[in-house]
Amino acid sequence: MTISRSDENKAQPAMAALFVSDLHLSPHMPATADAFFRFLDQQAAQARQLYLLGDIFEYWAGDDDLDDPFNRRVADALRALSDGGVALFWLAGNRDFLAGEGFARATGATLLPDPFVAEIAGRRILLLHGDAQCTDDTAYMAFRQQVRSPDWQRAFLARPLAERKAIIAGMREGSRDAQRGKTMDIMDVNPDAIAALFDAEKVTLMIHGHTHRPADHRSDAGVRHVLPDWDCDHGTPRGGWIAIDGDGSLQRHTL
């Protein structure tokens with residue numbers, strides 16, 4: 001699946017598109033949220049497109065949680081951006097894959113499948129969150145297959161919101177406990193899975209998040225850019241984004 005803008009002949013902002021992921025927004029990390037709101041106002045508003053590549057929220061329990069004051073504040077900020085003319089795209093992560101059509105309507109975002117090939121500034125870019133390529137983590141892959149099932153999601157979303165939040169809190173605690181016993185290599189993407197994805201999608205440029213290990217990887221298959229996570233509430237602030245300008249050049253930016 002590809003997407004492109006048909007009005008390339010119109011005057012364009014300096015930045016054709018920005019890419020961010022892994023903000024893990026929650027009311028418990030107010031400085032990180034404030035940094036994101038500033039990013040929307042100062043950088044994203046000057047771009048033509050903004051791609052949110054997963055784990056924007058610490059968790060998403062369902063679109064009926066839009067009434068939560070913090071969630072509404074984030075949704076309203078995204079809506080202001082899209083109403084201002086910035087095309088907004090959402091690709092789900094492992095924390096916020098339950099965002100659906102209600103969230104899309106509230107924010108003005110277009111929901112994308114994972115993976116997704118975007119055509120931007122004359123370049124074909126493969127976008128993904130990155131968790132599906134962590135194939136060495138077999139326990140997580142089994143869990144992912146379960147919760148991405150439409151039947152599981154329908155049953156889960158049929159539960160009361162408070163019950164869903166309690167279940168998610170238990171899942172998050174279980175995930176933290178499990179990660180303590182895993183090596184970083186197991187929780188990183190598998191090179192063979194990445195190579196297979198390059199080959200299947202016939203691209204040579206990839207952007208993803210999830211691993212919290214920002215880097216630029218070059219191989220015979222192509223170039224893979226990994227986005228950073230954001231945290232401005234604990235120690236030295238970290239975070240950033242990747243930008244692509246009108247001539248197709250990519251740049252990294254840090255907070």
# chains A, B, ... in the order shown; residues from 1 in each chain; ligands from 1

$ closest_atom_pairs --of "stretch 174-243 of chain A" --to "stretch 56-75 of chain A" --cutoff "12 Å" --atoms "only C-alpha atoms" --output "CSV"
residue,atom,partner,partner_atom,distance
A:Gly209,CA,A:Ile56,CA,10.6
A:His210,CA,A:Ile56,CA,10.5
A:Pro228,CA,A:Ile56,CA,11.9
A:Asp229,CA,A:Ile56,CA,9.5
A:Trp230,CA,A:Ile56,CA,9.5
A:Asp231,CA,A:Glu58,CA,11.7

$ write_last_selection --atoms "C-alpha atoms" --output "PDB file, in the first residue's frame"
ATOM      1  CA  GLY A 209      10.734   2.916  16.325  1.00  0.00           C
ATOM      2  CA  HIS A 210       9.927   0.502  19.175  1.00  0.00           C
ATOM      3  CA  PRO A 228      14.371   7.517  19.586  1.00  0.00           C
ATOM      4  CA  ASP A 229      11.970   7.285  22.479  1.00  0.00           C
ATOM      5  CA  TRP A 230      11.076  10.460  24.402  1.00  0.00           C
ATOM      6  CA  ASP A 231      11.582  11.088  28.119  1.00  0.00           C
TER       7      ASP A 231
END

$ residues_around --residues "A:Val226" --least-positions-apart "5" --cutoff "12 Å" --atoms "only C-alpha atoms" --output "VMD selection string"
chain A and resid 19 to 22 53 126 to 130 188 to 189 205 to 218 239 to 242 252

$ residues_around --residues "A:Ala169" --least-positions-apart "3" --cutoff "12 Å" --atoms "only C-alpha atoms" --output "VMD selection string"
chain A and resid 58 to 61 95 162 to 166 172 to 176

$ closest_residue --among "A:Thr138, A:Thr32, A:Asn94, A:Ser26" --to "A:Cys232" --atoms "only C-alpha atoms"
A:Thr32

$ atom_distance --atom1 "atom CA of A:Arg124" --atom2 "atom CA of A:Val203"
6.5 Å
